[in-house]
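Peer 1: My structure is in start09.cif, and what it holds is mmCIF, C-alpha atoms, pLDDT in the B column; chains and numbers go by the auth columns:
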data_entry
loop_
_atom_site.group_PDB
_atom_site.id
_atom_site.type_symbol
_atom_site.label_atom_id
_atom_site.label_comp_id
_atom_site.label_asym_id
_atom_site.label_seq_id
_atom_site.Cartn_x
_atom_site.Cartn_y
_atom_site.Cartn_z
_atom_site.B_iso_or_equiv
_atom_site.auth_seq_id
_atom_site.auth_asym_id
ATOM 1 C CA MET A 1 -19.358 -8.869 -11.754 76.00 294 A
ATOM 2 C CA ILE A 2 -20.820 -5.359 -11.635 86.00 295 A
ATOM 3 C CA ALA A 3 -19.537 -5.002 -8.079 87.00 296 A
ATOM 4 C CA PHE A 4 -15.989 -5.712 -9.257 89.00 297 A
ATOM 5 C CA TYR A 5 -16.036 -3.142 -12.080 90.00 298 A
ATOM 6 C CA PHE A 6 -17.607 -0.538 -9.800 92.00 299 A
ATOM 7 C CA VAL A 7 -14.903 -1.138 -7.168 92.00 300 A
ATOM 8 C CA ALA A 8 -12.134 -1.231 -9.781 93.00 301 A
ATOM 9 C CA LEU A 9 -13.094 2.076 -11.408 93.00 302 A
ATOM 10 C CA LEU A 10 -13.437 3.842 -8.051 95.00 303 A
ATOM 11 C CA MET A 11 -10.131 2.336 -6.872 94.00 304 A
ATOM 12 C CA ILE A 12 -8.187 3.553 -9.912 94.00 305 A
ATOM 13 C CA ALA A 13 -9.785 6.995 -9.662 95.00 306 A
ATOM 14 C CA SER A 14 -8.932 7.393 -5.982 95.00 307 A
ATOM 15 C CA ALA A 15 -5.392 5.995 -6.484 94.00 308 A
ATOM 16 C CA LEU A 16 -4.868 8.631 -9.177 93.00 309 A
ATOM 17 C CA THR A 17 -6.193 11.264 -6.779 93.00 310 A
ATOM 18 C CA VAL A 18 -3.589 10.169 -4.210 93.00 311 A
ATOM 19 C CA ILE A 19 -0.701 10.874 -6.548 90.00 312 A
ATOM 20 C CA LEU A 20 -2.178 13.829 -8.469 90.00 313 A
ATOM 21 C CA HIS A 21 -3.687 16.095 -5.811 89.00 314 A
ATOM 22 C CA ARG A 22 -1.527 19.006 -4.702 87.00 315 A
ATOM 23 C CA ASN A 23 -2.821 19.060 -1.139 89.00 316 A
ATOM 24 C CA PRO A 24 -1.419 16.155 0.979 89.00 317 A
ATOM 25 C CA ILE A 25 -4.553 16.114 3.160 90.00 318 A
ATOM 26 C CA TYR A 26 -6.696 15.241 0.154 92.00 319 A
ATOM 27 C CA SER A 27 -4.101 12.685 -0.897 92.00 320 A
ATOM 28 C CA ALA A 28 -4.423 11.015 2.511 93.00 321 A
ATOM 29 C CA LEU A 29 -8.230 11.001 2.298 93.00 322 A
ATOM 30 C CA ALA A 30 -8.076 9.492 -1.198 94.00 323 A
ATOM 31 C CA LEU A 31 -5.670 6.906 0.231 94.00 324 A
ATOM 32 C CA VAL A 32 -8.310 5.910 2.834 94.00 325 A
ATOM 33 C CA ASN A 33 -10.801 5.489 0.003 94.00 326 A
ATOM 34 C CA THR A 34 -8.393 3.341 -2.027 94.00 327 A
ATOM 35 C CA LEU A 35 -7.515 1.118 0.925 94.00 328 A
ATOM 36 C CA PHE A 36 -11.178 0.662 1.823 94.00 329 A
ATOM 37 C CA LEU A 37 -11.971 -0.345 -1.761 94.00 330 A
ATOM 38 C CA ILE A 38 -9.108 -2.840 -1.629 94.00 331 A
ATOM 39 C CA ALA A 39 -10.750 -4.258 1.515 94.00 332 A
ATOM 40 C CA VAL A 40 -13.992 -4.578 -0.463 94.00 333 A
ATOM 41 C CA SER A 41 -12.200 -6.540 -3.170 93.00 334 A
ATOM 42 C CA PHE A 42 -10.701 -8.772 -0.441 92.00 335 A
ATOM 43 C CA VAL A 43 -14.283 -9.582 0.598 91.00 336 A
ATOM 44 C CA LEU A 44 -15.121 -10.366 -3.041 90.00 337 A
ATOM 45 C CA LEU A 45 -12.138 -12.767 -2.987 89.00 338 A
ATOM 46 C CA ASP A 46 -13.362 -14.624 0.150 87.00 339 A
ATOM 47 C CA ALA A 47 -10.768 -13.147 2.518 87.00 340 A
ATOM 48 C CA GLU A 48 -13.007 -11.754 5.229 88.00 341 A
ATOM 49 C CA LEU A 49 -10.484 -11.593 8.069 89.00 342 A
ATOM 50 C CA ILE A 50 -7.854 -9.921 5.887 91.00 343 A
ATOM 51 C CA ALA A 51 -10.475 -7.381 4.772 92.00 344 A
ATOM 52 C CA MET A 52 -11.278 -6.547 8.398 91.00 345 A
ATOM 53 C CA LEU A 53 -7.579 -6.218 9.229 90.00 346 A
ATOM 54 C CA GLN A 54 -7.132 -3.997 6.179 91.00 347 A
ATOM 55 C CA VAL A 55 -9.784 -1.569 7.402 92.00 348 A
ATOM 56 C CA ILE A 56 -8.550 -1.587 11.001 91.00 349 A
ATOM 57 C CA VAL A 57 -4.792 -1.436 10.360 89.00 350 A
ATOM 58 C CA TYR A 58 -4.649 0.785 7.281 86.00 351 A
ATOM 59 C CA ALA A 59 -7.646 3.085 7.473 82.00 352 A
ATOM 60 C CA GLY A 60 -7.715 3.092 11.255 85.00 353 A
ATOM 61 C CA ALA A 61 -4.035 3.366 12.107 88.00 354 A
ATOM 62 C CA ILE A 62 -1.717 4.096 9.197 90.00 355 A
ATOM 63 C CA VAL A 63 -3.691 6.846 7.465 90.00 356 A
ATOM 64 C CA ILE A 64 -4.458 8.474 10.814 91.00 357 A
ATOM 65 C CA LEU A 65 -0.695 8.544 11.361 90.00 358 A
ATOM 66 C CA PHE A 66 -0.250 10.199 7.948 91.00 359 A
ATOM 67 C CA LEU A 67 -2.907 12.814 8.706 91.00 360 A
ATOM 68 C CA PHE A 68 -1.417 13.435 12.135 89.00 361 A
ATOM 69 C CA VAL A 69 2.047 14.089 10.686 89.00 362 A
ATOM 70 C CA ILE A 70 0.685 16.254 7.847 89.00 363 A
ATOM 71 C CA MET A 71 -1.164 18.443 10.339 88.00 364 A
ATOM 72 C CA LEU A 72 1.756 18.470 12.771 86.00 365 A
ATOM 73 C CA LEU A 73 4.148 19.646 10.064 84.00 366 A
ATOM 74 C CA ASN A 74 1.559 22.107 8.700 76.00 367 A
ATOM 75 C CA VAL A 75 2.236 21.021 5.129 74.00 368 A
ATOM 76 C CA GLU A 76 0.237 23.175 2.744 71.00 369 A
ATOM 77 C CA ALA A 77 -0.634 22.567 -0.899 69.00 370 A
ATOM 78 C CA GLU A 78 2.412 22.840 -3.108 70.00 371 A
ATOM 79 C CA LYS A 79 2.739 25.078 -6.133 68.00 372 A
ATOM 80 C CA HIS A 80 5.161 22.723 -7.821 67.00 373 A
ATOM 81 C CA ALA A 81 3.974 19.329 -6.656 61.00 374 A
ATOM 82 C CA PHE A 82 5.564 17.379 -9.475 67.00 375 A
ATOM 83 C CA ARG A 83 9.094 16.921 -10.632 62.00 376 A
ATOM 84 C CA LEU A 84 8.997 17.898 -14.264 64.00 377 A
ATOM 85 C CA SER A 85 12.685 17.268 -14.630 70.00 378 A
ATOM 86 C CA ARG A 86 14.222 14.768 -17.004 73.00 379 A
ATOM 87 C CA ALA A 87 14.224 12.202 -14.188 71.00 380 A
ATOM 88 C CA GLY A 88 10.480 12.745 -13.566 72.00 381 A
ATOM 89 C CA THR A 89 9.599 12.308 -17.232 79.00 382 A
ATOM 90 C CA ALA A 90 11.740 9.194 -17.412 79.00 383 A
ATOM 91 C CA GLY A 91 10.006 7.951 -14.243 76.00 384 A
ATOM 92 C CA LEU A 92 6.552 8.448 -15.734 79.00 385 A
ATOM 93 C CA ALA A 93 7.611 6.599 -18.866 83.00 386 A
ATOM 94 C CA LEU A 94 8.994 3.766 -16.744 82.00 387 A
ATOM 95 C CA ALA A 95 5.770 3.535 -14.718 80.00 388 A
ATOM 96 C CA LEU A 96 3.695 3.369 -17.920 84.00 389 A
ATOM 97 C CA LEU A 97 6.045 0.693 -19.240 86.00 390 A
ATOM 98 C CA LEU A 98 5.602 -1.232 -15.986 82.00 391 A
ATOM 99 C CA ALA A 99 1.792 -1.071 -16.296 80.00 392 A
ATOM 100 C CA VAL A 100 1.902 -2.315 -19.902 85.00 393 A
ATOM 101 C CA GLU A 101 4.404 -5.018 -18.984 83.00 394 A
ATOM 102 C CA LEU A 102 2.344 -6.345 -16.075 79.00 395 A
ATOM 103 C CA GLY A 103 -0.815 -6.185 -18.183 78.00 396 A
ATOM 104 C CA VAL A 104 0.774 -8.192 -21.009 83.00 397 A
ATOM 105 C CA LEU A 105 2.103 -10.733 -18.537 78.00 398 A
ATOM 106 C CA VAL A 106 -1.339 -11.215 -17.025 74.00 399 A
ATOM 107 C CA VAL A 107 -3.066 -11.491 -20.415 76.00 400 A
ATOM 108 C CA VAL A 108 -0.527 -14.013 -21.719 78.00 401 A
ATOM 109 C CA TRP A 109 -0.665 -16.120 -18.569 73.00 402 A
ATOM 110 C CA GLU A 110 -3.288 -18.879 -18.595 69.00 403 A
ATOM 111 C CA PRO A 111 -4.515 -19.681 -15.102 64.00 404 A
ATOM 112 C CA ALA A 112 -6.246 -22.787 -13.924 62.00 405 A
ATOM 113 C CA ARG A 113 -9.995 -22.679 -13.517 65.00 406 A
ATOM 114 C CA VAL A 114 -11.240 -20.973 -10.382 68.00 407 A
ATOM 115 C CA GLU A 115 -13.202 -23.395 -8.256 71.00 408 A
ATOM 116 C CA THR A 116 -15.676 -22.627 -5.540 75.00 409 A
ATOM 117 C CA PRO A 117 -13.864 -22.515 -2.224 74.00 410 A
ATOM 118 C CA PRO A 118 -14.474 -25.103 0.491 75.00 411 A
ATOM 119 C CA ALA A 119 -16.559 -23.965 3.431 72.00 412 A
ATOM 120 C CA GLY A 120 -14.646 -21.774 5.814 73.00 413 A
ATOM 121 C CA PHE A 121 -12.037 -20.587 3.281 78.00 414 A
ATOM 122 C CA GLY A 122 -10.666 -17.249 4.483 74.00 415 A
ATOM 123 C CA SER A 123 -12.235 -17.668 7.887 80.00 416 A
ATOM 124 C CA THR A 124 -10.533 -16.631 11.094 83.00 417 A
ATOM 125 C CA GLU A 125 -10.171 -20.252 12.227 84.00 418 A
ATOM 126 C CA LEU A 126 -8.352 -21.383 9.099 84.00 419 A
ATOM 127 C CA LEU A 127 -6.082 -18.327 8.974 85.00 420 A
ATOM 128 C CA ALA A 128 -5.238 -18.708 12.653 86.00 421 A
ATOM 129 C CA GLU A 129 -4.439 -22.372 12.154 85.00 422 A
ATOM 130 C CA HIS A 130 -2.024 -21.562 9.335 84.00 423 A
ATOM 131 C CA LEU A 131 -0.543 -18.639 11.226 85.00 424 A
ATOM 132 C CA PHE A 132 0.058 -20.414 14.519 88.00 425 A
ATOM 133 C CA ALA A 133 0.747 -23.938 13.297 87.00 426 A
ATOM 134 C CA ARG A 134 2.873 -23.409 10.189 85.00 427 A
ATOM 135 C CA SER A 135 4.352 -19.938 10.490 85.00 428 A
ATOM 136 C CA PHE A 136 4.688 -19.565 14.214 88.00 429 A
ATOM 137 C CA LEU A 137 8.324 -18.385 14.158 91.00 430 A
ATOM 138 C CA PRO A 138 7.729 -15.596 11.594 89.00 431 A
ATOM 139 C CA PHE A 139 4.686 -14.578 13.598 90.00 432 A
ATOM 140 C CA GLU A 140 6.760 -14.214 16.756 91.00 433 A
ATOM 141 C CA LEU A 141 9.487 -12.396 14.808 92.00 434 A
ATOM 142 C CA THR A 142 6.953 -9.784 13.644 92.00 435 A
ATOM 143 C CA SER A 143 6.389 -8.860 17.276 92.00 436 A
ATOM 144 C CA VAL A 144 10.134 -8.183 17.587 94.00 437 A
ATOM 145 C CA LEU A 145 9.952 -6.158 14.361 93.00 438 A
ATOM 146 C CA LEU A 146 7.105 -4.046 15.710 92.00 439 A
ATOM 147 C CA LEU A 147 8.963 -3.482 18.982 94.00 440 A
ATOM 148 C CA VAL A 148 12.087 -2.359 17.118 94.00 441 A
ATOM 149 C CA ALA A 149 9.968 -0.085 14.897 92.00 442 A
ATOM 150 C CA VAL A 150 8.258 1.539 17.884 91.00 443 A
ATOM 151 C CA VAL A 151 11.546 2.138 19.698 93.00 444 A
ATOM 152 C CA GLY A 152 13.177 3.404 16.494 91.00 445 A
ATOM 153 C CA ALA A 153 10.291 5.761 15.738 89.00 446 A
ATOM 154 C CA VAL A 154 10.362 7.245 19.237 89.00 447 A
ATOM 155 C CA VAL A 155 14.155 7.681 19.142 89.00 448 A
ATOM 156 C CA MET A 156 14.038 9.336 15.704 84.00 449 A
ATOM 157 C CA ALA A 157 11.159 11.656 16.544 80.00 450 A
ATOM 158 C CA ARG A 158 12.525 12.765 19.922 81.00 451 A
ATOM 159 C CA ARG A 159 16.046 13.547 18.718 70.00 452 A
ATOM 160 C CA LYS A 160 16.748 17.214 19.118 61.00 453 A
ATOM 161 C CA ALA A 161 18.448 19.138 16.358 50.00 454 A
ATOM 162 C CA MET B 1 -16.956 -14.981 -7.618 50.00 243 B
ATOM 163 C CA GLY B 2 -18.196 -13.591 -10.936 60.00 244 B
ATOM 164 C CA VAL B 3 -14.969 -12.225 -12.428 71.00 245 B
ATOM 165 C CA SER B 4 -11.889 -14.240 -13.296 78.00 246 B
ATOM 166 C CA ILE B 5 -8.618 -13.815 -11.420 82.00 247 B
ATOM 167 C CA GLU B 6 -6.931 -11.969 -14.309 81.00 248 B
ATOM 168 C CA HIS B 7 -9.194 -8.971 -13.755 85.00 249 B
ATOM 169 C CA TYR B 8 -7.957 -8.673 -10.184 89.00 250 B
ATOM 170 C CA LEU B 9 -4.344 -9.098 -11.310 87.00 251 B
ATOM 171 C CA ILE B 10 -4.697 -6.381 -13.967 86.00 252 B
ATOM 172 C CA LEU B 11 -6.305 -4.067 -11.401 91.00 253 B
ATOM 173 C CA ALA B 12 -3.433 -4.759 -8.980 91.00 254 B
ATOM 174 C CA ALA B 13 -0.895 -4.096 -11.750 88.00 255 B
ATOM 175 C CA LEU B 14 -2.527 -0.749 -12.511 89.00 256 B
ATOM 176 C CA ILE B 15 -2.548 0.279 -8.857 93.00 257 B
ATOM 177 C CA PHE B 16 1.104 -0.765 -8.556 90.00 258 B
ATOM 178 C CA ALA B 17 2.034 1.329 -11.596 89.00 259 B
ATOM 179 C CA ILE B 18 0.115 4.322 -10.227 91.00 260 B
ATOM 180 C CA GLY B 19 2.014 4.014 -6.937 92.00 261 B
ATOM 181 C CA CYS B 20 5.294 3.698 -8.839 88.00 262 B
ATOM 182 C CA ALA B 21 4.495 6.867 -10.811 88.00 263 B
ATOM 183 C CA GLY B 22 3.698 8.658 -7.540 89.00 264 B
ATOM 184 C CA VAL B 23 7.059 7.708 -6.019 88.00 265 B
ATOM 185 C CA LEU B 24 8.924 8.913 -9.096 84.00 266 B
ATOM 186 C CA LEU B 25 6.938 12.095 -9.762 84.00 267 B
ATOM 187 C CA ARG B 26 6.045 13.707 -6.443 84.00 268 B
ATOM 188 C CA ARG B 27 8.286 16.028 -4.413 82.00 269 B
ATOM 189 C CA ASN B 28 6.529 15.783 -1.054 87.00 270 B
ATOM 190 C CA VAL B 29 8.085 12.909 0.910 89.00 271 B
ATOM 191 C CA ILE B 30 4.804 12.205 2.745 91.00 272 B
ATOM 192 C CA VAL B 31 3.001 11.679 -0.567 91.00 273 B
ATOM 193 C CA ILE B 32 5.919 9.496 -1.708 92.00 274 B
ATOM 194 C CA LEU B 33 5.372 7.307 1.373 93.00 275 B
ATOM 195 C CA MET B 34 1.639 7.136 0.555 93.00 276 B
ATOM 196 C CA SER B 35 2.522 5.962 -2.949 94.00 277 B
ATOM 197 C CA VAL B 36 4.694 3.222 -1.438 94.00 278 B
ATOM 198 C CA GLU B 37 1.628 2.162 0.567 93.00 279 B
ATOM 199 C CA LEU B 38 -0.355 1.984 -2.684 94.00 280 B
ATOM 200 C CA MET B 39 2.275 -0.338 -4.158 94.00 281 B
ATOM 201 C CA LEU B 40 2.272 -2.576 -1.061 94.00 282 B
ATOM 202 C CA ASN B 41 -1.517 -2.816 -1.224 94.00 283 B
ATOM 203 C CA ALA B 42 -1.441 -3.719 -4.904 94.00 284 B
ATOM 204 C CA VAL B 43 0.882 -6.611 -4.015 94.00 285 B
ATOM 205 C CA ASN B 44 -1.485 -7.641 -1.207 94.00 286 B
ATOM 206 C CA LEU B 45 -4.341 -7.707 -3.702 94.00 287 B
ATOM 207 C CA THR B 46 -2.272 -9.987 -5.945 93.00 288 B
ATOM 208 C CA PHE B 47 -1.529 -12.322 -3.039 94.00 289 B
ATOM 209 C CA VAL B 48 -5.191 -12.584 -2.037 92.00 290 B
ATOM 210 C CA ALA B 49 -6.356 -13.088 -5.640 91.00 291 B
ATOM 211 C CA LEU B 50 -3.857 -15.893 -6.223 89.00 292 B
ATOM 212 C CA ALA B 51 -4.672 -17.449 -2.837 89.00 293 B
ATOM 213 C CA ARG B 52 -8.300 -17.531 -3.973 87.00 294 B
ATOM 214 C CA GLN B 53 -7.341 -19.159 -7.252 85.00 295 B
ATOM 215 C CA GLN B 54 -5.052 -21.774 -5.681 84.00 296 B
ATOM 216 C CA LEU B 55 -7.481 -22.299 -2.775 84.00 297 B
ATOM 217 C CA SER B 56 -4.525 -22.016 -0.421 83.00 298 B
ATOM 218 C CA MET B 57 -4.426 -19.938 2.745 85.00 299 B
ATOM 219 C CA ASP B 58 -0.694 -19.225 2.405 86.00 300 B
ATOM 220 C CA GLY B 59 -1.325 -16.102 0.328 88.00 301 B
ATOM 221 C CA GLN B 60 -3.516 -14.644 3.049 89.00 302 B
ATOM 222 C CA VAL B 61 -0.915 -15.449 5.726 90.00 303 B
ATOM 223 C CA ILE B 62 1.710 -13.534 3.706 91.00 304 B
ATOM 224 C CA VAL B 63 -0.655 -10.557 3.436 92.00 305 B
ATOM 225 C CA PHE B 64 -0.791 -10.536 7.223 90.00 306 B
ATOM 226 C CA PHE B 65 3.008 -10.203 7.387 91.00 307 B
ATOM 227 C CA VAL B 66 3.106 -7.564 4.641 92.00 308 B
ATOM 228 C CA MET B 67 0.633 -5.460 6.644 92.00 309 B
ATOM 229 C CA THR B 68 2.853 -5.715 9.732 91.00 310 B
ATOM 230 C CA VAL B 69 5.932 -4.619 7.804 91.00 311 B
ATOM 231 C CA ALA B 70 3.977 -1.758 6.185 91.00 312 B
ATOM 232 C CA ALA B 71 2.825 -0.487 9.576 90.00 313 B
ATOM 233 C CA ALA B 72 6.390 -0.583 10.937 92.00 314 B
ATOM 234 C CA GLU B 73 7.718 1.119 7.810 92.00 315 B
ATOM 235 C CA VAL B 74 5.212 3.973 8.027 92.00 316 B
ATOM 236 C CA ALA B 75 5.935 4.564 11.718 90.00 317 B
ATOM 237 C CA VAL B 76 9.711 4.753 11.192 91.00 318 B
ATOM 238 C CA GLY B 77 9.396 6.736 7.948 91.00 319 B
ATOM 239 C CA LEU B 78 7.157 9.399 9.440 90.00 320 B
ATOM 240 C CA ALA B 79 9.430 9.654 12.487 90.00 321 B
ATOM 241 C CA ILE B 80 12.372 10.269 10.134 88.00 322 B
ATOM 242 C CA PHE B 81 10.384 12.980 8.332 88.00 323 B
ATOM 243 C CA LEU B 82 9.578 14.626 11.674 88.00 324 B
ATOM 244 C CA ALA B 83 13.281 14.631 12.580 87.00 325 B
ATOM 245 C CA ILE B 84 14.245 16.041 9.162 86.00 326 B
ATOM 246 C CA TYR B 85 11.531 18.692 9.379 86.00 327 B
ATOM 247 C CA SER B 86 12.696 19.840 12.805 85.00 328 B
ATOM 248 C CA GLN B 87 16.216 20.278 11.397 83.00 329 B
ATOM 249 C CA ARG B 88 15.611 21.594 7.897 81.00 330 B
ATOM 250 C CA ARG B 89 11.995 22.898 7.806 81.00 331 B
ATOM 251 C CA THR B 90 11.209 21.032 4.618 79.00 332 B
ATOM 252 C CA VAL B 91 9.444 17.919 3.363 80.00 333 B
ATOM 253 C CA ASN B 92 10.567 18.416 -0.217 81.00 334 B
ATOM 254 C CA ALA B 93 12.471 15.426 -1.531 79.00 335 B
ATOM 255 C CA ASP B 94 14.646 17.674 -3.726 77.00 336 B
ATOM 256 C CA ASP B 95 15.881 19.615 -0.670 78.00 337 B
ATOM 257 C CA ILE B 96 16.732 16.533 1.387 78.00 338 B
ATOM 258 C CA ASN B 97 20.157 15.658 0.019 75.00 339 B
ATOM 259 C CA LEU B 98 21.932 14.683 3.222 74.00 340 B
ATOM 260 C CA LEU B 99 23.032 11.303 1.860 74.00 341 B
ATOM 261 C CA ARG B 100 23.853 12.579 -1.610 70.00 342 B
ATOM 262 C CA TRP B 101 27.468 13.158 -2.512 62.00 343 B
#
Could you rewrite the structure in this file as C-alpha cells?
Peer 2:
Amino acid sequence: MIAFYFVALLMIASALTVILHRNPIYSALALVNTLFLIAVSFVLLDAELIAMLQVIVYAGAIVILFLFVIMLLNVEAEKHAFRLSRAGTAGLALALLLAVELGVLVVVWEPARVETPPAGFGSTELLAEHLFARSFLPFELTSVLLLVAVVGAVVMARRKA
Amino acid sequence: MGVSIEHYLILAALIFAIGCAGVLLRRNVIVILMSVELMLNAVNLTFVALARQQLSMDGQVIVFFVMTVAAAEVAVGLAIFLAIYSQRRTVNADDINLLRW
C-alpha cells in the first residue's frame, strides 16, 4: 500500500520533470527514473519478467540512445522550451481534459474483485509458453520489424545532405 | 497486492496525460519523442494492471510486443532527427516544416 503511493508520487514527479525541464539531458535522466518506477510497479503487479525487460530494454537501451543523440547533436537548454501559442494552450487544455476523462472513466468503472494469483503467474515459464505457443507468428514478425527498423535507421542516419 | 487496480489505472491515466501534454507543449523533437515513450509506458502499465486483475497472461504478452515496437520507433525516430539536424541544424519542431504546405 505505502509502496504503491511512494512509487506513484515519485513517478508523477519525474514524469513532470521529463516534460518541464528545459535541458534535454535532465529530461532523459528523469525519463530513466520514470521508467524504473514503472518497472517497480510491474513487480508490485506480479509481472517479474516484464519488469526485468523494462529495465533492460528501456533504461538500458532506449534512454542510452536518447542520451547519445542529445550529446551527438549538442542540444543545449532552450530559452523558449514551450510553445505558448494558441495551439499550445489548447493542447494543455486537451491534455487536462484527457486526464479528467480517464479519471472519471476509471472511477465509474466497477471491476471484479482482485484474487490472489496462482503460483507462477508472471513467471518466465508462463510468459514463454503464451509467447511461443499462442502468439508465435506475431513473435516472429517482431523480428522482421526490428530488422526493418535497424536497416531504416542506418539508411536514414547515413544519408548525406 | 494491497491497492486495488483502479489506483494503477488512475496513475497510468495521469502519466498518459502528462506525456500527451509534453507532446503538445514542447518544441524540442527529442523531448517530444520522450513524451511519446511516457505515453507508451502508461499504456503498458494499464495492460499489466488489467492482466493482474483478469489473471490472464495475455496482457503481459502484449506489453512485450509494445516494448518491441517502442524500441523500433525510437531507433527510426532518432535516425530521422540526426538526418534533419545534419541538413537544417535544428531540433526545433517549429522549424521543421518540410511536410507542411
Peer 1: Pick from A:Ala412, A:Leu385, A:Leu434, A:Val336: nearest to chain B, with all atoms listed in the file counted?
Peer 2: A:Leu385
Peer 1: Compile a residue-level contact table for chain B against chain A at a cut-off of 6 Å, reporting for every qualifying residue the shortest atom pair and its distance in Å to one decimal, with all atoms listed in the file counted, rows ordered by chain and ascending number, as CSV.
Peer 2:
residue,atom,partner,partner_atom,distance
B:Gly244,CA,A:Met294,CA,4.9
B:Val245,CA,A:Met294,CA,5.6
B:Ile252,CA,A:Gly396,CA,5.7
B:Ala255,CA,A:Leu395,CA,5.9
B:Leu256,CA,A:Ala392,CA,5.8
B:Ala259,CA,A:Ala392,CA,5.3
B:Cys262,CA,A:Ala388,CA,5.9
B:Ala263,CA,A:Ala388,CA,5.3
B:Gly264,CA,A:Ile312,CA,5.0
B:Leu266,CA,A:Gly384,CA,5.3
B:Leu267,CA,A:Gly381,CA,5.2
B:Arg268,CA,A:Phe375,CA,4.8
B:Arg269,CA,A:Ala374,CA,5.9
B:Gln295,CA,A:Val407,CA,5.3
B:Ala314,CA,A:Ala442,CA,5.4
B:Val318,CA,A:Ala446,CA,4.7
B:Ala321,CA,A:Ala450,CA,4.8
B:Ile322,CA,A:Met449,CA,5.9
B:Leu324,CA,A:Ala450,CA,5.9
B:Ala325,CA,A:Ala450,CA,5.4
B:Gln329,CA,A:Ala454,CA,5.6
Peer 1: Residues of the last selection are to be written out with C-alpha atoms, as a short mmCIF file (atom, residue, chain, number, x, y, z; two decimals), in the frame of the given file.
Peer 2:
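Wrote it out as part.cif, contents follow:
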data_model
loop_
_atom_site.label_atom_id
_atom_site.label_comp_id
_atom_site.auth_asym_id
_atom_site.auth_seq_id
_atom_site.Cartn_x
_atom_site.Cartn_y
_atom_site.Cartn_z
CA GLY B 244 -18.20 -13.59 -10.94
CA VAL B 245 -14.97 -12.22 -12.43
CA ILE B 252 -4.70 -6.38 -13.97
CA ALA B 255 -0.90 -4.10 -11.75
CA LEU B 256 -2.53 -0.75 -12.51
CA ALA B 259 2.03 1.33 -11.60
CA CYS B 262 5.29 3.70 -8.84
CA ALA B 263 4.50 6.87 -10.81
CA GLY B 264 3.70 8.66 -7.54
CA LEU B 266 8.92 8.91 -9.10
CA LEU B 267 6.94 12.10 -9.76
CA ARG B 268 6.04 13.71 -6.44
CA ARG B 269 8.29 16.03 -4.41
CA GLN B 295 -7.34 -19.16 -7.25
CA ALA B 314 6.39 -0.58 10.94
CA VAL B 318 9.71 4.75 11.19
CA ALA B 321 9.43 9.65 12.49
CA ILE B 322 12.37 10.27 10.13
CA LEU B 324 9.58 14.63 11.67
CA ALA B 325 13.28 14.63 12.58
CA GLN B 329 16.22 20.28 11.40
#
Peer 1: Between CA of Val311 in chain B and CA of Arg331 in chain B, measure the distance and give it in Å to one decimal.
Peer 2: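 Value for the CA of Val311 in chain B-CA of Arg331 in chain B distance: 28.2 Å.
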Peer 1: Rank B:Asn334, B:Glu315, B:Leu340, B:Ile272 by their smallest atom-to-atom distance to Met364 in chain A, using all atoms listed in the file, and report the top residue only.
Peer 2: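 Smallest separation from Met364 in chain A among the options: B:Ile272.
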Peer 1: What is the CA of Leu303 in chain A-CA of Asn367 in chain A distance in Å, reported with one decimal?
Peer 2: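 Taking CA of Leu303 in chain A as the start and CA of Asn367 in chain A as the end point, the length is 29.0 Å.
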Peer 1: What separation in Å, quoted to one decimal, exists between CA of Ser246 in chain B and CA of Met276 in chain B?
Peer 2: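 Result for CA of Ser246 in chain B versus CA of Met276 in chain B: 28.8 Å, one decimal.
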Peer 1: Restricting the calculation to all atoms listed in the file, which member of B:Tyr250, B:Ile338, B:Asn283, B:Val273 is positioned closest to Phe329 in chain A?
Peer 2: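 Among the listed residues, B:Asn283 lies closest to Phe329 in chain A.
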Peer 1: From the list B:Val265, B:Val303, B:Leu280, B:Leu287, which residue is nearest Leu253 in chain B when using only C-alpha atoms?
Peer 2: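 Comparing B:Val265, B:Val303, B:Leu280, B:Leu287 against Leu253 in chain B, the winner is B:Leu287.
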